[in-house]
$ cat work_13.cif   # mmCIF, C-alpha atoms and all ligand atoms
data_my_file
#
loop_
_atom_site.label_atom_id
_atom_site.label_comp_id
_atom_site.auth_asym_id
_atom_site.auth_seq_id
_atom_site.Cartn_x
_atom_site.Cartn_y
_atom_site.Cartn_z
CA MET E 1 6.88 -11.35 13.60
CA ALA E 2 9.01 -11.33 16.74
CA ASP E 3 11.21 -14.16 15.46
CA ARG E 4 12.66 -11.99 12.73
CA PRO E 5 15.77 -9.90 13.25
CA ALA E 6 15.36 -6.16 12.75
CA LEU E 7 18.14 -3.85 11.78
CA LYS E 8 18.25 -0.83 14.05
CA GLY E 9 16.04 1.93 12.69
CA ALA E 10 14.66 -0.31 9.93
CA TRP E 11 11.57 1.03 8.16
CA THR E 12 8.60 -0.24 10.15
CA ALA E 13 4.95 -0.89 9.38
CA LYS E 14 2.62 -1.15 12.36
CA VAL E 15 -0.76 -2.58 11.46
CA ILE E 16 -3.70 -2.44 13.85
CA THR E 17 -6.03 -5.30 12.93
CA LEU E 18 -8.52 -7.83 14.28
CA PHE E 19 -6.74 -10.40 12.09
CA PRO E 20 -3.00 -10.29 12.86
CA GLU E 21 -2.76 -13.81 11.42
CA ALA E 22 -3.37 -12.27 7.97
CA PHE E 23 0.20 -10.86 8.17
CA PRO E 24 2.72 -11.01 6.63
CA GLY E 25 0.54 -12.83 4.08
CA THR E 26 1.84 -12.12 0.60
CA LEU E 27 4.34 -9.65 2.08
CA GLY E 28 6.20 -12.68 3.44
CA LEU E 29 6.84 -13.96 -0.09
CA SER E 30 9.44 -13.18 -2.75
CA LEU E 31 11.44 -9.94 -2.50
CA THR E 32 9.42 -8.27 0.27
CA GLY E 33 9.56 -11.50 2.30
CA LYS E 34 13.28 -11.92 1.83
CA ALA E 35 13.84 -8.32 2.90
CA LEU E 36 11.62 -8.90 5.94
CA ASP E 37 13.70 -11.97 6.89
CA GLN E 38 16.87 -9.92 6.49
CA GLY E 39 15.51 -7.18 8.76
CA LEU E 40 15.57 -4.58 5.97
CA TRP E 41 12.07 -3.63 7.08
CA ARG E 42 9.85 -4.59 9.99
CA LEU E 43 6.21 -5.58 10.22
CA ASP E 44 4.40 -5.34 13.57
CA PRO E 45 0.78 -6.47 13.50
CA ILE E 46 -1.07 -5.20 16.58
CA ASP E 47 -4.01 -7.33 17.65
CA LEU E 48 -6.94 -4.98 18.30
CA ARG E 49 -8.74 -7.76 20.17
CA LEU E 50 -6.21 -7.47 23.03
CA PHE E 51 -7.57 -3.98 23.74
CA GLY E 52 -11.19 -5.17 23.84
CA GLU E 53 -13.43 -5.17 26.91
CA GLY E 54 -15.06 -7.89 28.98
CA LYS E 55 -14.88 -11.65 28.80
CA HIS E 56 -15.28 -11.61 25.03
CA ARG E 57 -12.92 -8.68 24.54
CA ASN E 58 -15.55 -6.72 22.65
CA VAL E 59 -14.22 -4.08 20.29
CA ASP E 60 -17.39 -2.91 18.54
CA ASP E 61 -20.94 -1.73 19.18
CA THR E 62 -24.08 -0.88 17.22
CA PRO E 63 -24.11 2.36 15.18
CA ALA E 64 -25.52 5.46 16.85
CA GLY E 65 -28.69 6.39 14.98
CA GLY E 66 -29.42 2.78 14.12
CA GLY E 67 -28.85 0.73 11.00
CA ALA E 68 -27.08 -2.47 10.08
CA GLY E 69 -23.70 -3.69 11.25
CA MET E 70 -21.25 -2.76 13.95
CA VAL E 71 -18.77 0.07 14.46
CA LEU E 72 -15.30 -0.20 16.03
CA ARG E 73 -15.30 1.72 19.32
CA ALA E 74 -13.29 4.94 19.62
CA ASP E 75 -12.03 4.26 23.15
CA ILE E 76 -10.74 0.78 22.32
CA LEU E 77 -9.17 1.68 18.99
CA SER E 78 -7.58 4.74 20.59
CA ARG E 79 -5.71 2.56 23.10
CA ALA E 80 -4.24 0.50 20.27
CA ILE E 81 -3.28 3.67 18.36
CA ARG E 82 -1.58 5.19 21.40
CA MET E 83 0.44 2.03 21.86
CA ALA E 84 1.36 1.87 18.17
CA MET E 85 2.43 5.52 18.06
CA GLN E 86 4.35 5.53 21.34
CA GLY E 87 7.88 6.78 20.72
CA ARG E 88 7.12 7.42 17.03
CA PRO E 89 7.62 10.87 15.47
CA ASP E 90 4.62 13.17 15.89
CA ASP E 91 5.34 14.62 12.44
CA ARG E 92 2.91 12.78 10.13
CA ALA E 93 5.28 13.23 7.18
CA ARG E 94 7.88 11.18 9.02
CA TRP E 95 5.34 8.66 10.26
CA PRO E 96 1.95 8.60 8.49
CA LEU E 97 -1.00 7.46 10.61
CA VAL E 98 -3.60 6.05 8.26
CA TYR E 99 -7.07 4.52 8.37
CA LEU E 100 -7.74 2.35 5.32
CA SER E 101 -11.11 3.42 4.05
CA PRO E 102 -13.10 3.56 0.80
CA ARG E 103 -13.83 7.20 1.70
CA GLY E 104 -10.13 8.06 1.73
CA LYS E 105 -7.84 9.75 -0.75
CA PRO E 106 -6.95 7.20 -3.44
CA PHE E 107 -3.58 5.49 -2.90
CA THR E 108 -1.18 6.15 -5.80
CA GLN E 109 2.50 5.68 -6.64
CA THR E 110 3.03 9.15 -5.16
CA THR E 111 1.61 7.95 -1.84
CA ALA E 112 3.90 4.91 -1.97
CA ARG E 113 6.91 7.18 -2.55
CA LYS E 114 5.95 9.39 0.41
CA TRP E 115 5.51 6.43 2.73
CA ALA E 116 8.77 4.85 1.56
CA ALA E 117 10.56 8.12 2.38
CA ALA E 118 9.14 8.17 5.94
CA ASP E 119 10.60 6.27 8.94
CA GLY E 120 7.57 3.98 8.91
CA VAL E 121 3.78 3.95 8.86
CA THR E 122 0.92 2.94 11.13
CA LEU E 123 -2.10 1.49 9.32
CA ILE E 124 -5.50 0.88 10.87
CA CYS E 125 -7.60 -1.88 9.31
CA GLY E 126 -11.32 -1.44 9.78
CA ARG E 127 -13.94 -4.18 9.79
CA PHE E 128 -17.74 -4.20 9.81
CA GLU E 129 -19.15 -0.71 9.15
CA GLY E 130 -15.88 1.01 9.99
CA VAL E 131 -14.69 3.07 12.97
CA ASP E 132 -16.14 5.77 15.23
CA GLN E 133 -15.48 9.16 13.58
CA ARG E 134 -14.21 10.69 16.82
CA VAL E 135 -11.11 8.52 16.89
CA LEU E 136 -10.20 9.72 13.37
CA ASP E 137 -10.63 13.37 14.33
CA HIS E 138 -8.90 13.10 17.71
CA HIS E 139 -5.73 11.38 16.43
CA ARG E 140 -5.52 13.39 13.16
CA ILE E 141 -5.80 10.21 11.14
CA GLU E 142 -5.54 10.38 7.36
CA GLU E 143 -7.97 8.18 5.36
CA VAL E 144 -6.55 6.37 2.32
CA SER E 145 -8.45 4.17 -0.14
CA LEU E 146 -7.22 1.28 -2.28
CA GLY E 147 -9.84 2.10 -4.91
CA ASP E 148 -13.51 2.70 -5.60
CA PHE E 149 -14.85 -0.59 -4.26
CA VAL E 150 -15.71 -1.93 -0.81
CA LEU E 151 -13.66 -4.67 0.88
CA THR E 152 -14.83 -6.49 4.01
CA GLY E 153 -11.73 -5.35 5.87
CA GLY E 154 -8.61 -3.23 5.56
CA GLU E 155 -6.08 -6.08 5.64
CA ILE E 156 -5.84 -6.65 1.88
CA ALA E 157 -5.62 -2.90 1.29
CA ALA E 158 -2.84 -2.66 3.91
CA GLN E 159 -0.86 -5.43 2.23
CA ALA E 160 -1.24 -3.88 -1.20
CA MET E 161 -0.10 -0.45 0.01
CA LEU E 162 2.79 -1.85 2.04
CA ASP E 163 3.97 -3.92 -0.91
CA ALA E 164 3.97 -0.84 -3.15
CA SER E 165 5.86 1.20 -0.51
CA VAL E 166 8.41 -1.36 0.70
CA ARG E 167 9.62 -2.23 -2.80
CA LEU E 168 10.69 1.40 -3.22
CA ARG E 169 13.02 1.20 -0.20
CA PRO E 170 16.70 0.83 -1.05
CA GLY E 171 17.99 -2.74 -1.20
CA ILE E 172 14.62 -4.45 -1.54
CA LEU E 173 14.53 -5.06 -5.31
CA GLY E 174 17.54 -6.74 -6.86
CA ASN E 175 17.71 -4.30 -9.75
CA ALA E 176 17.10 -0.78 -8.44
CA ALA E 177 16.70 0.61 -11.96
CA SER E 178 13.48 -1.35 -12.39
CA THR E 179 11.52 1.06 -10.16
CA GLU E 180 12.62 3.99 -12.33
CA GLU E 181 11.32 2.64 -15.62
CA GLU E 182 8.09 0.96 -14.57
CA SER E 183 4.50 2.20 -14.84
CA PHE E 184 3.68 5.56 -13.19
CA SER E 185 7.28 6.41 -12.23
CA ASN E 186 7.58 8.80 -15.19
CA GLY E 187 3.86 9.52 -15.50
CA LEU E 188 3.33 6.86 -18.18
CA LEU E 189 2.20 3.23 -18.25
CA GLU E 190 4.96 0.77 -19.04
CA HIS E 191 5.70 -0.43 -22.57
CA PRO E 192 4.95 -4.11 -23.45
CA GLN E 193 7.51 -6.74 -22.39
CA TYR E 194 8.67 -9.83 -24.29
CA THR E 195 10.99 -12.77 -23.62
CA ARG E 196 11.98 -16.08 -25.22
CA PRO E 197 10.88 -18.04 -27.22
CA ALA E 198 11.47 -15.73 -30.19
CA THR E 199 8.45 -17.22 -31.94
CA TRP E 200 5.41 -18.47 -30.06
CA GLN E 201 2.06 -19.47 -31.61
CA GLY E 202 3.34 -17.91 -34.82
CA LEU E 203 3.84 -14.59 -33.00
CA THR E 204 7.23 -12.91 -33.08
CA ILE E 205 8.91 -10.33 -30.86
CA PRO E 206 9.00 -6.79 -32.38
CA GLU E 207 12.16 -6.71 -34.49
CA VAL E 208 13.58 -3.57 -32.91
CA LEU E 209 13.90 -5.36 -29.55
CA THR E 210 16.28 -7.95 -31.00
CA SER E 211 18.21 -5.44 -33.14
CA GLY E 212 20.78 -4.65 -30.44
CA ASP E 213 20.35 -0.93 -31.15
CA HIS E 214 19.84 0.56 -27.67
CA GLY E 215 18.80 3.96 -28.98
CA LYS E 216 16.09 2.45 -31.16
CA VAL E 217 14.91 0.19 -28.34
CA ALA E 218 14.58 3.19 -26.00
CA ALA E 219 12.66 5.17 -28.63
CA TRP E 220 10.31 2.24 -29.31
CA ARG E 221 9.62 1.79 -25.60
CA GLN E 222 8.90 5.48 -25.15
CA ASP E 223 6.50 5.47 -28.15
CA GLU E 224 4.69 2.38 -26.88
CA ALA E 225 4.42 3.79 -23.35
CA GLU E 226 2.91 6.97 -24.76
CA ARG E 227 0.52 5.06 -27.03
CA LEU E 228 -0.75 2.82 -24.21
CA THR E 229 -1.17 5.73 -21.83
CA ARG E 230 -3.08 7.75 -24.43
CA GLU E 231 -5.37 4.82 -25.24
CA ARG E 232 -6.00 3.48 -21.75
CA ARG E 233 -5.58 6.37 -19.37
CA PRO E 234 -6.58 9.74 -20.85
CA ASP E 235 -6.34 11.18 -17.33
CA LEU E 236 -2.65 10.25 -16.98
CA TRP E 237 -1.96 11.32 -20.55
CA GLU E 238 -3.38 14.77 -19.97
CA ALA E 239 -1.27 15.24 -16.84
CA TYR E 240 1.83 13.99 -18.69
CA GLU E 241 1.29 16.39 -21.59
CA LYS E 242 0.83 19.30 -19.22
CA LEU E 243 4.13 18.47 -17.51
CA ARG E 244 5.97 18.30 -20.83
CA LYS E 245 4.86 21.78 -21.86
N1 LIG E 301 -19.28 1.19 5.69
C1 LIG E 301 -18.03 1.57 5.10
C2 LIG E 301 -17.29 0.36 4.52
C3 LIG E 301 -16.79 -0.57 5.55
S1 LIG E 301 -15.88 -1.87 4.83
C4 LIG E 301 -18.29 2.55 3.97
O1 LIG E 301 -19.30 2.44 3.30
O2 LIG E 301 -17.44 3.44 3.72
C5 LIG E 301 -14.98 -2.46 6.20
C6 LIG E 301 -13.53 -2.01 6.29
O3 LIG E 301 -12.83 -2.45 5.14
C7 LIG E 301 -13.33 -0.53 6.35
O4 LIG E 301 -13.40 -0.08 7.67
C8 LIG E 301 -11.95 -0.34 5.74
O5 LIG E 301 -10.91 -0.43 6.72
C9 LIG E 301 -11.81 -1.52 4.80
N2 LIG E 301 -12.01 -1.14 3.40
C10 LIG E 301 -13.08 -1.41 2.63
N3 LIG E 301 -12.95 -0.93 1.38
C11 LIG E 301 -11.74 -0.34 1.33
C12 LIG E 301 -11.01 0.36 0.31
N4 LIG E 301 -11.51 0.55 -0.90
N5 LIG E 301 -9.79 0.84 0.62
C13 LIG E 301 -9.27 0.68 1.87
N6 LIG E 301 -9.91 0.03 2.87
C14 LIG E 301 -11.12 -0.47 2.62
#
$ encode --input "work_13.cif" --output "structure tokens" --more "lines below"
Ligand code: SAH
Amino acid sequence: MADRPALKGAWTAKVITLFPEAFPGTLGLSLTGKALDQGLWRLDPIDLRLFGEGKHRNVDDTPAGGGAGMVLRADILSRAIRMAMQGRPDDRARWPLVYLSPRGKPFTQTTARKWAAADGVTLICGRFEGVDQRVLDHHRIEEVSLGDFVLTGGEIAAQAMLDASVRLRPGILGNAASTEEESFSNGLLEHPQYTRPATWQGLTIPEVLTSGDHGKVAAWRQDEAERLTRERRPDLWEAYEKLRK
């Protein structure tokens, strides 16, 4: 994304991938895309292939111990990581170094908040059977998962996590208040939303929302948020109740 201006010290995502052409992808659209164009954040895809060996720039080999598939080589991936982390803070809180992996800690809104508060992040997208364990151990790489399912590569996971993080940075969303009221920010799922037309398919908007009584609207939204969370996410509800006590 060299053609985009970058404000000095702008929050930066470095993404090590065999498919740099997958970026910015959806991150180039709408609010995250506009912010990228304005240099409010930076996206640097790093092509792992460039670090490969031989005529075909090989980056992988067969798994030790046998079995199906291929594994990304530690030595090759390590070169890309060293380049990506050069001049970046060694403190992982200021600059998380992450391998996207179904074995990782699940990504949540809390993770997004932590990343958004850092100077930037470096994400490693795996392919095939994954990466050599030694490179994870050697570079103190944290594993983070998008969820309990297996993707063919880390690129979609990287975009999802970057989207969730970047939108929390100041100046990215038009209306900053919207990140304070949405799902997860207060431990609850969001209340239902409605807009015009007032009647559609014989269905009307809950009366309280058109009453103009802000206190009643707030109370209704809180009740609905609690109801939905209780019904759909007993795990979140339990944590919320504990916090309230
Ligand atoms: N053999 C591995 C899966 C490899 S999937 C295993 O069973 O754990 C190939 C790549 O896709 C992984 O290296 C990882 O970078 C990415 N990936 C797959 N599922 C993912 C998920 N749920 N979250 C984040 N990344 C994922």
$ residues_near_ligand --input "work_13.cif" --ligand "ligand LIG 301 (chain E)" --cutoff "9 Å" --atoms "only C-alpha atoms and all ligand atoms" --output "PyMOL selection string"
chain E and resi 69+71-72+99-104+106-107+124-131+143-158
$ closest_atom_pairs --input "work_13.cif" --of "stretch 158-216 of chain E" --to "stretch 232-243 of chain E" --cutoff "9 Å" --atoms "all atoms listed in the file" --output "CSV"
residue,atom,partner,partner_atom,distance
E:Phe184,CA,E:Leu236,CA,8.7
E:Asn186,CA,E:Tyr240,CA,8.5
E:Gly187,CA,E:Tyr240,CA,5.9
E:Leu188,CA,E:Leu236,CA,7.0
E:Leu189,CA,E:Arg233,CA,8.5
$ atom_distance --input "work_13.cif" --atom1 "atom CA of E:Ala112" --atom2 "atom CA of E:Arg169"
10.0 Å
$ atom_distance --input "work_13.cif" --atom1 "atom CA of E:His56" --atom2 "atom CA of E:Ala80"
17.1 Å
$ closest_residue --input "work_13.cif" --among "E:Glu142, E:Asp90, E:Asp223, E:Asp47" --to "E:Thr111" --atoms "all atoms listed in the file"
E:Glu142
$ closest_residue --input "work_13.cif" --among "E:Pro45, E:Ile205, E:Arg134, E:Glu181" --to "E:Ala22" --atoms "all atoms listed in the file"
E:Pro45
$ closest_residue --input "work_13.cif" --among "E:Ala84, E:Ala64, E:Ala118, E:Leu43" --to "E:Gly28" --atoms "only C-alpha atoms"
E:Leu43
$ atom_distance --input "work_13.cif" --atom1 "atom CA of E:Ala225" --atom2 "atom CA of E:Leu31"
25.9 Å
$ closest_residue --input "work_13.cif" --among "E:Lys105, E:Arg113, E:Arg88, E:Arg230" --to "E:Ser185" --atoms "only C-alpha atoms"
E:Arg113
$ closest_residue --input "work_13.cif" --among "E:Asp61, E:Asp44, E:Glu226, E:Asp163" --to "E:Leu27" --atoms "all atoms listed in the file"
E:Asp163
$ residues_around --input "work_13.cif" --residues "E:Trp115" --least-positions-apart "2" --cutoff "9 Å" --atoms "all atoms listed in the file" --output "number ranges by chain"
E: 93-96, 110-113, 117-121, 162, 165-166
$ write_last_selection --input "work_13.cif" --atoms "C-alpha atoms" --output "PDB file, keeping the file's coordinate frame"
ATOM      1  CA  ALA E  93       5.280  13.230   7.180  1.00  0.00           C
ATOM      2  CA  ARG E  94       7.880  11.180   9.020  1.00  0.00           C
ATOM      3  CA  TRP E  95       5.340   8.660  10.260  1.00  0.00           C
ATOM      4  CA  PRO E  96       1.950   8.600   8.490  1.00  0.00           C
ATOM      5  CA  THR E 110       3.030   9.150  -5.160  1.00  0.00           C
ATOM      6  CA  THR E 111       1.610   7.950  -1.840  1.00  0.00           C
ATOM      7  CA  ALA E 112       3.900   4.910  -1.970  1.00  0.00           C
ATOM      8  CA  ARG E 113       6.910   7.180  -2.550  1.00  0.00           C
ATOM      9  CA  ALA E 117      10.560   8.120   2.380  1.00  0.00           C
ATOM     10  CA  ALA E 118       9.140   8.170   5.940  1.00  0.00           C
ATOM     11  CA  ASP E 119      10.600   6.270   8.940  1.00  0.00           C
ATOM     12  CA  GLY E 120       7.570   3.980   8.910  1.00  0.00           C
ATOM     13  CA  VAL E 121       3.780   3.950   8.860  1.00  0.00           C
ATOM     14  CA  LEU E 162       2.790  -1.850   2.040  1.00  0.00           C
ATOM     15  CA  SER E 165       5.860   1.200  -0.510  1.00  0.00           C
ATOM     16  CA  VAL E 166       8.410  -1.360   0.700  1.00  0.00           C
TER      17      VAL E 166
END
$ build_atoms --input "work_13.cif" --residues "stretch 127-145 of chain E" --atoms "N, CA and C atoms" --output "mmCIF file, in the coordinates of the input"
data_model
loop_
_atom_site.group_PDB
_atom_site.id
_atom_site.type_symbol
_atom_site.label_atom_id
_atom_site.label_comp_id
_atom_site.auth_asym_id
_atom_site.auth_seq_id
_atom_site.Cartn_x
_atom_site.Cartn_y
_atom_site.Cartn_z
ATOM 1 N N ARG E 127 -13.075 -3.019 10.092
ATOM 2 C CA ARG E 127 -13.940 -4.180 9.790
ATOM 3 C C ARG E 127 -15.366 -3.711 9.992
ATOM 4 N N PHE E 128 -16.313 -4.519 9.649
ATOM 5 C CA PHE E 128 -17.740 -4.200 9.810
ATOM 6 C C PHE E 128 -18.093 -2.894 9.100
ATOM 7 N N GLU E 129 -18.762 -1.967 9.797
ATOM 8 C CA GLU E 129 -19.150 -0.710 9.150
ATOM 9 C C GLU E 129 -18.060 0.359 9.229
ATOM 10 N N GLY E 130 -16.951 0.027 9.875
ATOM 11 C CA GLY E 130 -15.880 1.010 9.990
ATOM 12 C C GLY E 130 -15.620 1.406 11.427
ATOM 13 N N VAL E 131 -15.093 2.619 11.637
ATOM 14 C CA VAL E 131 -14.690 3.070 12.970
ATOM 15 C C VAL E 131 -15.445 4.327 13.375
ATOM 16 N N ASP E 132 -15.512 4.567 14.666
ATOM 17 C CA ASP E 132 -16.140 5.770 15.230
ATOM 18 C C ASP E 132 -15.375 7.006 14.724
ATOM 19 N N GLN E 133 -16.093 7.962 14.179
ATOM 20 C CA GLN E 133 -15.480 9.160 13.580
ATOM 21 C C GLN E 133 -14.583 9.909 14.562
ATOM 22 N N ARG E 134 -14.959 9.880 15.856
ATOM 23 C CA ARG E 134 -14.210 10.690 16.820
ATOM 24 C C ARG E 134 -12.761 10.269 16.941
ATOM 25 N N VAL E 135 -12.490 8.977 16.747
ATOM 26 C CA VAL E 135 -11.110 8.520 16.890
ATOM 27 C C VAL E 135 -10.270 9.043 15.715
ATOM 28 N N LEU E 136 -10.893 9.186 14.548
ATOM 29 C CA LEU E 136 -10.200 9.720 13.370
ATOM 30 C C LEU E 136 -9.852 11.197 13.586
ATOM 31 N N ASP E 137 -10.827 11.941 14.096
ATOM 32 C CA ASP E 137 -10.630 13.370 14.330
ATOM 33 C C ASP E 137 -9.595 13.609 15.436
ATOM 34 N N HIS E 138 -9.753 12.899 16.537
ATOM 35 C CA HIS E 138 -8.900 13.100 17.710
ATOM 36 C C HIS E 138 -7.419 12.841 17.415
ATOM 37 N N HIS E 139 -7.141 11.759 16.687
ATOM 38 C CA HIS E 139 -5.730 11.380 16.430
ATOM 39 C C HIS E 139 -5.192 11.942 15.119
ATOM 40 N N ARG E 140 -5.952 12.825 14.448
ATOM 41 C CA ARG E 140 -5.520 13.390 13.160
ATOM 42 C C ARG E 140 -5.124 12.270 12.188
ATOM 43 N N ILE E 141 -6.070 11.356 11.993
ATOM 44 C CA ILE E 141 -5.800 10.210 11.140
ATOM 45 C C ILE E 141 -6.206 10.516 9.705
ATOM 46 N N GLU E 142 -5.305 10.179 8.783
ATOM 47 C CA GLU E 142 -5.540 10.380 7.360
ATOM 48 C C GLU E 142 -6.271 9.144 6.820
ATOM 49 N N GLU E 143 -7.281 9.332 5.952
ATOM 50 C CA GLU E 143 -7.970 8.180 5.360
ATOM 51 C C GLU E 143 -7.443 7.955 3.946
ATOM 52 N N VAL E 144 -7.084 6.719 3.644
ATOM 53 C CA VAL E 144 -6.550 6.370 2.320
ATOM 54 C C VAL E 144 -7.296 5.156 1.786
ATOM 55 N N SER E 145 -7.664 5.235 0.495
ATOM 56 C CA SER E 145 -8.450 4.170 -0.140
ATOM 57 C C SER E 145 -7.620 3.397 -1.155
#
